[in-house]
file final31.cif (mmCIF, C-alpha atoms)
data_model
loop_
_atom_site.label_atom_id
_atom_site.label_comp_id
_atom_site.auth_asym_id
_atom_site.auth_seq_id
_atom_site.Cartn_x
_atom_site.Cartn_y
_atom_site.Cartn_z
CA MET A 1 87.09 98.44 66.04
CA VAL A 2 85.16 97.00 68.99
CA ASP A 3 87.02 97.05 72.30
CA PRO A 4 86.71 93.51 73.75
CA VAL A 5 86.95 94.77 77.35
CA ARG A 6 84.05 97.18 76.89
CA LEU A 7 82.08 94.49 75.02
CA PHE A 8 82.59 91.88 77.76
CA LEU A 9 81.64 94.34 80.51
CA LEU A 10 78.47 95.29 78.60
CA ILE A 11 77.56 91.63 78.14
CA ASN A 12 78.09 91.02 81.86
CA TYR A 13 75.95 94.05 82.72
CA TYR A 14 73.03 93.11 80.46
CA TYR A 15 73.27 89.46 81.49
CA GLY A 16 72.97 90.59 85.10
CA ARG A 17 69.98 92.78 84.22
CA ILE A 18 68.23 89.94 82.39
CA MET A 19 68.82 87.52 85.27
CA GLY A 20 67.56 90.05 87.83
CA VAL A 21 70.89 90.25 89.69
CA ILE A 22 71.27 93.97 88.88
CA ASN A 23 68.20 95.83 90.14
CA PHE A 24 69.19 99.30 88.91
CA GLU A 25 70.28 100.92 85.66
CA ILE A 26 73.70 102.05 84.47
CA ASP A 27 74.07 104.52 81.63
CA VAL A 28 76.56 102.66 79.45
CA ALA A 29 77.69 105.91 77.82
CA THR A 30 78.54 107.80 81.01
CA GLY A 31 78.81 105.03 83.62
CA ARG A 32 76.27 106.72 85.91
CA ALA A 33 74.10 104.35 87.96
CA LYS A 34 70.55 105.13 89.06
CA VAL A 35 67.49 103.45 90.55
CA SER A 36 64.49 103.40 88.22
CA ARG A 37 60.97 102.01 88.36
CA LYS A 38 61.49 99.94 85.23
CA ALA A 39 64.63 98.25 86.57
CA THR A 40 63.02 97.74 89.99
CA PHE A 41 59.86 96.15 88.58
CA TYR A 42 61.70 93.86 86.17
CA ALA A 43 64.29 92.67 88.72
CA ALA A 44 61.58 92.04 91.34
CA LEU A 45 59.51 90.03 88.85
CA ILE A 46 62.48 87.90 87.77
CA ASN A 47 63.57 87.30 91.37
CA ILE A 48 60.07 86.15 92.34
CA LEU A 49 59.84 83.79 89.35
CA ILE A 50 63.30 82.31 89.94
CA PHE A 51 62.92 81.68 93.65
CA SER A 52 59.39 80.33 93.25
CA ALA A 53 60.89 77.58 91.11
CA MET A 54 63.95 76.91 93.28
CA PRO A 55 62.23 74.54 95.77
CA LEU A 56 61.84 72.08 92.89
CA LEU A 57 65.62 71.70 92.76
CA ALA A 58 65.84 70.90 96.46
CA ARG A 59 63.78 67.76 95.90
CA GLY A 60 66.74 66.14 94.16
CA GLN A 61 64.76 64.60 91.29
CA LEU A 62 67.42 65.45 88.73
CA TRP A 63 70.13 63.82 90.83
CA ASN A 64 68.17 60.56 91.03
CA LEU A 65 68.85 60.06 87.32
CA PHE A 66 72.56 59.73 88.00
CA TRP A 67 72.11 56.65 90.16
CA LYS A 68 71.26 53.03 89.51
CA ASP A 69 69.19 50.87 91.83
CA GLY A 70 72.11 50.78 94.26
CA LYS A 71 71.67 54.38 95.34
CA ASN A 72 71.41 55.11 99.05
CA ALA A 73 69.88 57.83 101.18
CA PHE A 74 73.22 59.23 102.34
CA HIS A 75 74.37 60.02 98.81
CA GLN A 76 71.09 61.77 98.11
CA ASN A 77 71.13 63.65 101.41
CA VAL A 78 74.58 65.10 100.73
CA PHE A 79 73.38 66.38 97.38
CA LEU A 80 70.12 67.64 98.90
CA ILE A 81 71.95 69.55 101.64
CA LEU A 82 74.32 71.06 99.09
CA ASN A 83 71.46 72.24 96.87
CA VAL A 84 69.45 73.67 99.77
CA LEU A 85 72.58 75.49 100.93
CA ARG A 86 73.17 76.91 97.47
CA ILE A 87 69.58 78.10 97.12
CA THR A 88 69.61 79.62 100.62
CA CYS A 89 72.88 81.45 100.00
CA VAL A 90 71.75 82.79 96.62
CA LEU A 91 68.48 83.95 98.21
CA LEU A 92 70.38 85.75 101.00
CA ILE A 93 72.70 87.38 98.47
CA MET A 94 69.83 88.57 96.29
CA LEU A 95 67.97 89.95 99.31
CA SER A 96 71.12 91.74 100.49
CA ARG A 97 71.42 93.37 97.08
CA TRP A 98 67.92 94.76 97.48
CA TRP A 99 68.42 96.33 100.90
CA SER A 100 71.90 97.58 99.87
CA ARG A 101 70.80 98.79 96.44
CA HIS A 102 71.21 102.53 97.08
CA GLN A 103 74.60 101.93 98.70
CA ILE A 104 75.72 99.92 95.65
CA VAL A 105 74.59 102.73 93.33
CA ARG A 106 76.60 105.25 95.36
CA LEU A 107 79.57 102.85 95.35
CA ILE A 108 79.47 102.68 91.54
CA GLY A 109 79.41 106.47 91.43
CA GLN A 110 82.50 106.64 93.63
CA PHE A 111 84.31 104.11 91.43
CA ARG A 112 83.35 106.18 88.41
CA ARG A 113 84.78 109.38 89.90
CA LEU A 114 87.96 107.55 90.85
CA THR A 115 88.31 106.28 87.27
CA LEU A 116 87.87 109.80 85.89
CA LYS A 117 90.77 110.96 88.09
CA GLN A 118 93.00 108.16 86.73
CA PRO A 119 91.60 107.08 83.32
CA GLN A 120 94.75 105.09 82.57
CA VAL A 121 93.50 102.49 85.06
CA MET A 122 91.16 101.11 82.38
CA LYS A 123 94.14 99.82 80.38
CA LEU A 124 95.10 97.60 83.32
CA TRP A 125 91.71 95.86 83.36
CA ARG A 126 92.25 94.26 79.97
CA ARG A 127 93.88 90.92 80.84
CA GLY A 128 91.74 90.40 83.96
CA VAL A 129 88.43 91.12 82.23
CA ILE A 130 89.20 88.98 79.18
CA SER A 131 90.47 86.00 81.21
CA LYS A 132 87.54 86.10 83.67
CA PHE A 133 84.91 86.46 80.94
CA THR A 134 86.43 83.69 78.80
CA THR A 135 86.78 81.11 81.57
CA GLY A 136 83.36 81.97 83.02
CA VAL A 137 81.53 81.60 79.70
CA LEU A 138 83.36 78.41 78.73
CA THR A 139 82.64 76.89 82.15
CA GLU A 140 78.89 77.54 81.91
CA VAL A 141 78.61 76.44 78.26
CA ILE A 142 80.61 73.24 78.73
CA HIS A 143 78.69 72.27 81.87
CA MET A 144 75.40 72.75 80.04
CA ILE A 145 76.56 70.73 77.01
CA VAL A 146 77.93 67.92 79.19
CA THR A 147 74.68 67.68 81.15
CA LEU A 148 72.44 67.65 78.06
CA LYS A 149 74.75 65.19 76.31
CA GLY A 150 74.62 62.79 79.22
CA LEU A 151 70.82 62.98 79.39
CA GLN A 152 70.07 63.11 75.66
CA ASP A 153 68.47 59.66 75.56
CA ILE A 154 66.01 60.35 78.39
CA LEU A 155 65.27 64.04 77.89
CA ASN A 156 61.70 65.22 78.44
CA LEU A 157 60.08 68.53 79.27
CA ASP A 158 60.27 68.07 83.05
CA LEU A 159 63.91 67.09 82.87
CA ILE A 160 64.79 70.04 80.61
CA VAL A 161 63.16 72.42 83.09
CA SER A 162 65.08 70.82 85.95
CA VAL A 163 68.38 71.07 84.07
CA LEU A 164 67.75 74.71 83.17
CA GLY A 165 66.81 75.47 86.77
CA PHE A 166 70.00 73.86 88.06
CA HIS A 167 72.16 75.81 85.64
CA LEU A 168 70.20 78.96 86.37
CA LEU A 169 71.37 78.68 89.97
CA ILE A 170 74.97 78.29 88.79
CA ALA A 171 74.56 81.26 86.43
CA LEU A 172 73.32 83.51 89.25
CA LEU A 173 76.36 82.62 91.35
CA ASN A 174 78.72 83.25 88.43
CA ILE A 175 77.21 86.68 87.72
CA ILE A 176 77.49 87.68 91.38
CA LEU A 177 81.07 86.44 91.53
CA SER A 178 82.09 88.18 88.31
CA GLN A 179 80.76 91.55 89.48
CA TYR A 180 82.65 91.35 92.75
CA TYR A 181 85.74 90.26 90.81
CA PHE A 182 85.53 93.28 88.48
CA ALA A 183 85.25 95.61 91.49
CA LEU A 184 88.38 94.11 93.09
CA LEU A 185 90.15 94.16 89.71
CA HIS A 186 89.49 97.91 89.53
CA VAL A 187 90.94 98.42 93.02
CA HIS A 188 93.96 96.24 92.18
CA SER A 189 94.63 98.29 89.05
CA GLU A 190 94.47 101.51 91.08
CA TYR A 191 97.11 100.13 93.45
CA VAL A 192 99.34 99.20 90.52
CA LEU A 193 99.23 102.84 89.43
CA PHE A 194 99.88 103.97 93.02
CA ASN A 195 103.03 101.85 93.17
CA GLU A 196 104.26 103.16 89.82
CA GLU A 197 103.72 106.74 90.93
CA LEU A 198 105.42 106.18 94.29
CA ARG A 199 108.47 104.59 92.63
CA SER A 200 108.69 107.60 90.34
CA ILE A 201 108.49 110.00 93.31
CA LEU A 202 111.15 108.08 95.23
CA ALA A 203 113.50 108.04 92.22
CA GLU A 204 113.12 111.79 91.72
CA THR A 205 113.58 112.39 95.46
CA GLU A 206 116.90 110.56 95.37
CA SER A 207 117.99 112.63 92.37
CA LEU A 208 117.48 115.82 94.41
CA GLU A 209 120.70 115.09 96.32
CA ARG A 210 122.66 115.50 93.07
CA ASP A 211 120.99 118.80 92.21
CA HIS A 212 122.99 121.67 93.75
CA ARG A 213 120.84 124.45 92.31
CA MET A 214 119.01 125.56 95.42
CA GLY A 215 116.11 127.35 93.70
CA VAL A 216 115.42 124.51 91.26
CA ARG A 217 115.77 121.98 94.04
CA ASN A 218 113.21 123.74 96.22
CA LEU A 219 110.79 123.99 93.32
CA ARG A 220 111.18 120.27 92.50
CA SER A 221 110.68 119.42 96.18
CA CYS A 222 107.39 121.33 96.26
CA VAL A 223 106.18 119.55 93.13
CA LEU A 224 107.12 116.15 94.61
CA ALA A 225 105.38 117.02 97.90
CA ASP A 226 102.21 117.91 95.95
CA ARG A 227 102.39 114.62 94.04
CA LEU A 228 102.90 112.66 97.25
CA ASP A 229 100.00 114.45 98.99
CA ASN A 230 97.76 113.72 96.00
CA LEU A 231 98.82 110.05 96.03
CA ALA A 232 98.10 109.81 99.77
CA ARG A 233 94.68 111.37 99.27
CA LEU A 234 93.77 108.97 96.44
CA GLN A 235 94.95 105.98 98.48
CA SER A 236 92.88 107.11 101.46
CA GLU A 237 89.79 107.53 99.25
CA LEU A 238 90.33 104.13 97.69
CA GLN A 239 90.80 102.39 101.04
CA THR A 240 87.62 104.04 102.37
CA LEU A 241 85.89 102.74 99.26
CA ILE A 242 87.24 99.23 99.87
CA ASN A 243 86.02 99.27 103.49
CA ARG A 244 82.58 100.38 102.34
CA MET A 245 82.51 97.71 99.62
CA THR A 246 83.54 95.04 102.15
CA ARG A 247 80.65 95.99 104.43
CA ILE A 248 78.10 96.10 101.58
CA PHE A 249 79.16 92.73 100.16
CA GLY A 250 79.86 91.05 103.50
CA ILE A 251 76.98 88.56 103.24
CA GLN A 252 77.89 87.86 99.62
CA SER A 253 81.54 87.11 100.49
CA LEU A 254 80.56 84.80 103.34
CA CYS A 255 77.94 82.92 101.31
CA ILE A 256 80.22 82.48 98.30
CA GLY A 257 82.95 81.15 100.60
CA VAL A 258 80.56 78.65 102.22
CA ILE A 259 79.20 77.47 98.85
CA SER A 260 82.68 77.04 97.37
CA TYR A 261 83.88 75.15 100.42
CA MET A 262 80.91 72.77 100.53
CA THR A 263 80.98 72.21 96.76
CA ILE A 264 84.64 71.12 96.82
CA VAL A 265 84.06 68.78 99.77
CA ALA A 266 80.99 67.24 98.08
CA ALA A 267 82.82 66.94 94.73
CA ASN A 268 85.70 65.05 96.36
CA TYR A 269 83.23 62.70 98.01
CA TYR A 270 81.26 62.00 94.83
CA ILE A 271 84.40 61.36 92.80
CA PHE A 272 85.18 58.62 95.33
CA VAL A 273 81.60 57.32 95.26
CA PHE A 274 81.44 57.04 91.47
CA ASN A 275 84.75 55.19 91.31
CA ARG A 276 83.98 52.86 94.21
CA HIS A 277 80.37 51.95 93.54
CA ASP A 278 80.23 52.44 89.77
CA THR A 279 76.81 54.02 90.29
CA ALA A 280 76.79 56.48 87.40
CA ALA A 281 73.63 55.68 85.47
CA VAL A 282 74.28 58.01 82.52
CA PRO A 283 77.39 58.48 80.36
CA LEU A 284 77.82 61.98 81.78
CA LEU A 285 80.62 60.82 84.09
CA ARG A 286 82.55 58.44 81.88
CA ARG A 287 86.30 58.51 82.23
CA ASP A 288 86.74 59.08 78.49
CA ASN A 289 84.49 62.12 78.44
CA PHE A 290 87.09 64.74 77.51
CA LEU A 291 84.47 67.48 77.40
CA LEU A 292 83.87 66.94 81.10
CA ILE A 293 87.62 67.14 81.72
CA PHE A 294 87.75 70.46 79.87
CA GLY A 295 84.79 71.65 81.93
CA ILE A 296 86.59 70.82 85.17
CA PHE A 297 89.76 72.52 83.90
CA PHE A 298 87.98 75.76 83.00
CA HIS A 299 86.02 75.68 86.25
CA MET A 300 89.25 75.44 88.24
CA ALA A 301 90.83 78.18 86.13
CA ASP A 302 87.80 80.43 86.62
CA SER A 303 87.79 79.82 90.38
CA THR A 304 91.53 80.54 90.60
CA ILE A 305 91.18 83.80 88.67
CA THR A 306 88.17 84.88 90.75
CA PHE A 307 89.57 84.24 94.21
CA SER A 308 93.22 85.13 93.55
CA ILE A 309 92.45 88.77 92.74
CA ALA A 310 91.91 89.48 96.45
CA TYR A 311 95.41 88.18 97.26
CA TYR A 312 96.96 90.15 94.38
CA LEU A 313 95.29 93.27 95.78
CA LEU A 314 96.72 92.63 99.23
CA ASP A 315 100.16 92.06 97.65
CA GLN A 316 99.98 95.43 95.89
CA HIS A 317 99.01 97.18 99.12
CA ALA A 318 101.87 95.45 100.95
CA ALA A 319 104.26 96.56 98.18
CA LEU A 320 103.05 100.15 98.53
CA ARG A 321 103.57 100.07 102.27
CA HIS A 322 107.00 98.50 101.88
CA LEU A 323 108.08 101.18 99.40
CA ILE A 324 107.10 104.07 101.64
CA VAL A 325 108.17 102.58 104.96
CA GLN A 326 111.64 101.49 103.80
CA ASN A 327 112.46 105.08 102.88
CA THR A 328 112.44 106.43 106.41
CA SER A 329 115.87 108.09 106.33
CA PHE A 330 115.99 111.55 104.79
CA PRO A 331 119.04 113.68 104.00
CA PRO A 332 119.46 116.55 106.46
CA ASP A 333 118.98 119.19 103.78
CA MET A 334 115.70 117.74 102.39
CA ASP A 335 112.85 120.20 101.98
CA LEU A 336 110.78 120.19 105.19
CA ARG A 337 107.43 120.04 103.37
CA LEU A 338 108.51 117.02 101.32
CA GLN A 339 109.79 115.30 104.44
CA LYS A 340 106.47 115.88 106.24
CA ALA A 341 104.60 114.54 103.20
CA PHE A 342 106.58 111.28 103.39
CA GLU A 343 106.04 111.00 107.14
CA ALA A 344 102.29 111.66 106.84
CA PHE A 345 101.91 108.98 104.12
CA GLN A 346 103.92 106.48 106.17
CA LEU A 347 101.75 107.11 109.22
CA GLN A 348 98.59 106.79 107.11
CA LEU A 349 99.56 103.35 105.81
CA ILE A 350 100.69 102.10 109.22
CA ARG A 351 97.58 103.29 111.07
CA ASN A 352 95.12 102.06 108.42
CA PRO A 353 96.16 98.61 107.18
CA LEU A 354 94.09 97.18 104.33
CA LYS A 355 91.80 94.33 105.44
CA LEU A 356 89.39 92.29 103.35
CA SER A 357 86.95 90.46 105.59
CA ALA A 358 83.78 88.39 105.34
CA MET A 359 81.30 90.16 107.63
CA GLY A 360 84.11 90.68 110.12
CA LEU A 361 84.25 86.96 110.91
CA PHE A 362 87.68 86.45 109.38
CA ASN A 363 90.17 88.40 107.29
CA ILE A 364 91.08 87.20 103.82
CA ARG A 365 94.80 86.51 103.64
CA ARG A 366 97.09 83.95 102.04
CA GLU A 367 97.53 81.96 105.25
CA ILE A 368 93.83 81.09 105.24
CA ILE A 369 94.29 79.04 102.04
CA VAL A 370 96.33 76.42 103.90
CA THR A 371 93.73 76.29 106.68
CA MET A 372 90.88 75.86 104.19
CA LEU A 373 92.69 73.15 102.22
CA SER A 374 93.39 71.27 105.42
CA SER A 375 89.76 71.54 106.46
CA ILE A 376 88.52 70.45 103.01
CA VAL A 377 90.74 67.36 103.10
CA LYS A 378 89.61 66.53 106.64
CA HIS A 379 85.87 66.77 105.91
CA SER A 380 86.22 64.93 102.59
CA ILE A 381 87.93 62.07 104.44
CA ILE A 382 85.15 62.04 107.05
CA LEU A 383 82.50 61.57 104.32
CA ILE A 384 84.57 58.89 102.59
CA GLN A 385 85.16 57.01 105.86
CA TYR A 386 81.42 57.10 106.58
CA ASP A 387 80.74 55.66 103.14
CA LEU A 388 83.33 52.91 103.60
CA GLU A 389 81.93 51.91 106.98
CA ASN A 390 78.23 51.93 106.04
CA PHE A 391 78.01 51.18 102.33
#

call {"tool": "encode", "arguments": {"input": "final31.cif", "output": "structure tokens"}}
result
Amino acid sequence: MVDPVRLFLLINYYYGRIMGVINFEIDVATGRAKVSRKATFYAALINILIFSAMPLLARGQLWNLFWKDGKNAFHQNVFLILNVLRITCVLLIMLSRWWSRHQIVRLIGQFRRLTLKQPQVMKLWRRGVISKFTTGVLTEVIHMIVTLKGLQDILNLDLIVSVLGFHLLIALLNIILSQYYFALLHVHSEYVLFNEELRSILAETESLERDHRMGVRNLRSCVLADRLDNLARLQSELQTLINRMTRIFGIQSLCIGVISYMTIVAANYYIFVFNRHDTAAVPLLRRDNFLLIFGIFFHMADSTITFSIAYYLLDQHAALRHLIVQNTSFPPDMDLRLQKAFEAFQLQLIRNPLKLSAMGLFNIRREIIVTMLSSIVKHSIILIQYDLENF
């Protein structure tokens, strides 16, 4: 029977290869990544072809079809700026993947070795991989169907090329996002296992107090100290891996954040524009278009799944730190080696807090959501006020 998780990951990998996002090869049997001439040549060719055609999107010809004679320059300029920003960010991300290619290959190798040490981590990917793949595919397919349905009466070759180019840009962003999501999902799953192991160690440590057989107790203490040292070593390796991944994908994180922010602000503004001016020239944006509603729903679900994994990861790290730090009192007769193992792990977590940042400009944390929502509302209102005053 085909494993859906493996199937979805393979589809994502080959989709990335076809689109030129992945510029190296991965042996699907062993998981080993390597740089090859064939992968380099193909990815370079696809990248050149894609970005040679991207300036056509920035001209905004496709968007003109959505407006009647009452269109104005400001509406078009907002869309033009958004498209230019998207193209620029995707270009920067693709270029960063080229100059960081060897680092990404080594990063994949380190993830592979970490998985071999704890193969049970793959079982924890299941729900995350399936949900991300399903919402991502449905979002892309529904958006494509809605666009073609709205333009079916005026379709021609030039328009089809423009539509495909527009959705190609969206597809590139989705592939990039999904790969970063799968990397964070792997790290999150590792932390789930860390917490389970630490809870088990703490429970067995407490049971030592009830064991009055000195020889057995000393032996169990040594085993627990070894398990705790191994857990501390794995956590240190994983956190080093996270820091390296954050540096490698710093530009990607920043660009994705900027694109998402600007897209939401622009979407809020255009929802107001369409309702106020009734300027939709095609049935793509009718209120009774349930397919569009489903598309928006799956897009929001996909965005929530993608961005929430970082916060879940931080929650798991905080839970690990809480578990180890709250157990600071040891019985006087505890084995000295086990006590030192606990103290060393506590010090390790306190001295090296986990931070996810975007090029060091800001750290990703839950508090930033409120700040971003407030900023999105403020800038959406500014655009709407400008429209009310001038149009």

call {"tool": "closest_residue", "arguments": {"input": "final31.cif", "among": "A:Met300, A:Ala267, A:Leu347, A:Leu184", "to": "Gly128 of chain A", "atoms": "only C-alpha atoms"}}
result
A:Leu184

call {"tool": "closest_residue", "arguments": {"input": "final31.cif", "among": "A:Gly250, A:Gly16, A:Gly295, A:Gly257", "to": "Ile175 of chain A", "atoms": "only C-alpha atoms"}}
result
A:Gly16

call {"tool": "atom_distance", "arguments": {"input": "final31.cif", "atom1": "atom CA of Ile369 of chain A", "atom2": "atom CA of Leu313 of chain A"}}
result
15.6 Å

call {"tool": "resolve_selection", "arguments": {"input": "final31.cif", "expression": "the PyMOL selection byres ((chain A and resi 171) around 12)", "output": "MDAnalysis selection string"}}
result
chainID A and resid 12 15:16 18:21 50 86 90 136:137 139:141 143:144 164:170 172:178

call {"tool": "write_last_selection", "arguments": {"input": "final31.cif", "atoms": "C-alpha atoms", "output": "CSV table (one decimal), keeping the file's coordinate frame"}}
result
chain,number,residue,atom,x,y,z
A,12,ASN,CA,78.1,91.0,81.9
A,15,TYR,CA,73.3,89.5,81.5
A,16,GLY,CA,73.0,90.6,85.1
A,18,ILE,CA,68.2,89.9,82.4
A,19,MET,CA,68.8,87.5,85.3
A,20,GLY,CA,67.6,90.0,87.8
A,21,VAL,CA,70.9,90.2,89.7
A,50,ILE,CA,63.3,82.3,89.9
A,86,ARG,CA,73.2,76.9,97.5
A,90,VAL,CA,71.8,82.8,96.6
A,136,GLY,CA,83.4,82.0,83.0
A,137,VAL,CA,81.5,81.6,79.7
A,139,THR,CA,82.6,76.9,82.2
A,140,GLU,CA,78.9,77.5,81.9
A,141,VAL,CA,78.6,76.4,78.3
A,143,HIS,CA,78.7,72.3,81.9
A,144,MET,CA,75.4,72.8,80.0
A,164,LEU,CA,67.8,74.7,83.2
A,165,GLY,CA,66.8,75.5,86.8
A,166,PHE,CA,70.0,73.9,88.1
A,167,HIS,CA,72.2,75.8,85.6
A,168,LEU,CA,70.2,79.0,86.4
A,169,LEU,CA,71.4,78.7,90.0
A,170,ILE,CA,75.0,78.3,88.8
A,172,LEU,CA,73.3,83.5,89.2
A,173,LEU,CA,76.4,82.6,91.4
A,174,ASN,CA,78.7,83.2,88.4
A,175,ILE,CA,77.2,86.7,87.7
A,176,ILE,CA,77.5,87.7,91.4
A,177,LEU,CA,81.1,86.4,91.5
A,178,SER,CA,82.1,88.2,88.3

call {"tool": "residues_around", "arguments": {"input": "final31.cif", "residues": "segment 101-118 of chain A", "least_positions_apart": "6", "cutoff": "10 Å", "atoms": "all atoms listed in the file", "output": "list of chain:residue names"}}
result
A:Ile22, A:Asn23, A:Phe24, A:Glu25, A:Ile26, A:Thr30, A:Gly31, A:Arg32, A:Ala33, A:Lys34, A:Val35, A:Leu95, A:Ala183, A:His186, A:Val187, A:Glu190, A:Leu193, A:Leu234, A:Glu237, A:Leu238, A:Leu241, A:Ile242, A:Arg244, A:Met245, A:Ile248, A:Phe249

call {"tool": "closest_residue", "arguments": {"input": "final31.cif", "among": "A:Ile160, A:Gln326, A:Arg247, A:Ala266", "to": "Val377 of chain A", "atoms": "all atoms listed in the file"}}
result
A:Ala266

call {"tool": "build_atoms", "arguments": {"input": "final31.cif", "residues": "segment 180-187 of chain A", "atoms": "all heavy atoms", "output": "short mmCIF file (atom, residue, chain, number, x, y, z; two decimals), in the coordinates of the input"}}
result
data_model
loop_
_atom_site.label_atom_id
_atom_site.label_comp_id
_atom_site.auth_asym_id
_atom_site.auth_seq_id
_atom_site.Cartn_x
_atom_site.Cartn_y
_atom_site.Cartn_z
N TYR A 180 81.74 91.08 91.64
CA TYR A 180 82.65 91.35 92.75
C TYR A 180 84.10 91.29 92.28
O TYR A 180 84.94 92.08 92.72
CB TYR A 180 82.40 90.34 93.87
CG TYR A 180 83.08 90.66 95.17
CD1 TYR A 180 82.76 91.82 95.87
CD2 TYR A 180 84.04 89.82 95.71
CE1 TYR A 180 83.39 92.13 97.07
CE2 TYR A 180 84.67 90.12 96.90
CZ TYR A 180 84.33 91.28 97.58
OH TYR A 180 84.96 91.59 98.76
N TYR A 181 84.39 90.38 91.36
CA TYR A 181 85.74 90.26 90.81
C TYR A 181 86.13 91.54 90.07
O TYR A 181 87.25 92.05 90.24
CB TYR A 181 85.82 89.06 89.86
CG TYR A 181 87.09 89.03 89.03
CD1 TYR A 181 88.27 88.51 89.55
CD2 TYR A 181 87.10 89.54 87.73
CE1 TYR A 181 89.43 88.48 88.80
CE2 TYR A 181 88.26 89.52 86.97
CZ TYR A 181 89.42 89.00 87.52
OH TYR A 181 90.57 88.99 86.76
N PHE A 182 85.22 92.07 89.24
CA PHE A 182 85.53 93.28 88.48
C PHE A 182 85.77 94.47 89.41
O PHE A 182 86.61 95.33 89.12
CB PHE A 182 84.40 93.59 87.49
CG PHE A 182 84.28 92.60 86.36
CD1 PHE A 182 83.05 92.22 85.88
CD2 PHE A 182 85.42 92.04 85.79
CE1 PHE A 182 82.94 91.30 84.84
CE2 PHE A 182 85.32 91.12 84.75
CZ PHE A 182 84.07 90.75 84.28
N ALA A 183 85.04 94.52 90.52
CA ALA A 183 85.25 95.61 91.49
C ALA A 183 86.65 95.50 92.10
O ALA A 183 87.38 96.50 92.20
CB ALA A 183 84.18 95.56 92.58
N LEU A 184 87.05 94.29 92.51
CA LEU A 184 88.38 94.11 93.09
C LEU A 184 89.47 94.31 92.04
O LEU A 184 90.57 94.81 92.36
CB LEU A 184 88.50 92.70 93.69
CG LEU A 184 87.73 92.45 94.99
CD1 LEU A 184 87.94 91.01 95.46
CD2 LEU A 184 88.15 93.42 96.09
N LEU A 185 89.19 93.95 90.80
CA LEU A 185 90.15 94.16 89.71
C LEU A 185 90.41 95.66 89.53
O LEU A 185 91.56 96.08 89.31
CB LEU A 185 89.62 93.55 88.41
CG LEU A 185 90.49 93.75 87.17
CD1 LEU A 185 91.83 93.03 87.33
CD2 LEU A 185 89.77 93.24 85.92
N HIS A 186 89.35 96.45 89.63
CA HIS A 186 89.49 97.91 89.53
C HIS A 186 90.40 98.42 90.66
O HIS A 186 91.32 99.21 90.41
CB HIS A 186 88.11 98.56 89.61
CG HIS A 186 88.14 100.04 89.40
ND1 HIS A 186 87.14 100.71 88.73
CD2 HIS A 186 89.03 101.00 89.76
CE1 HIS A 186 87.43 101.99 88.68
NE2 HIS A 186 88.57 102.20 89.32
N VAL A 187 90.14 97.98 91.87
CA VAL A 187 90.94 98.42 93.02
C VAL A 187 92.40 97.99 92.85
O VAL A 187 93.33 98.76 93.11
CB VAL A 187 90.36 97.86 94.33
CG1 VAL A 187 91.24 98.23 95.51
CG2 VAL A 187 88.94 98.38 94.55
#
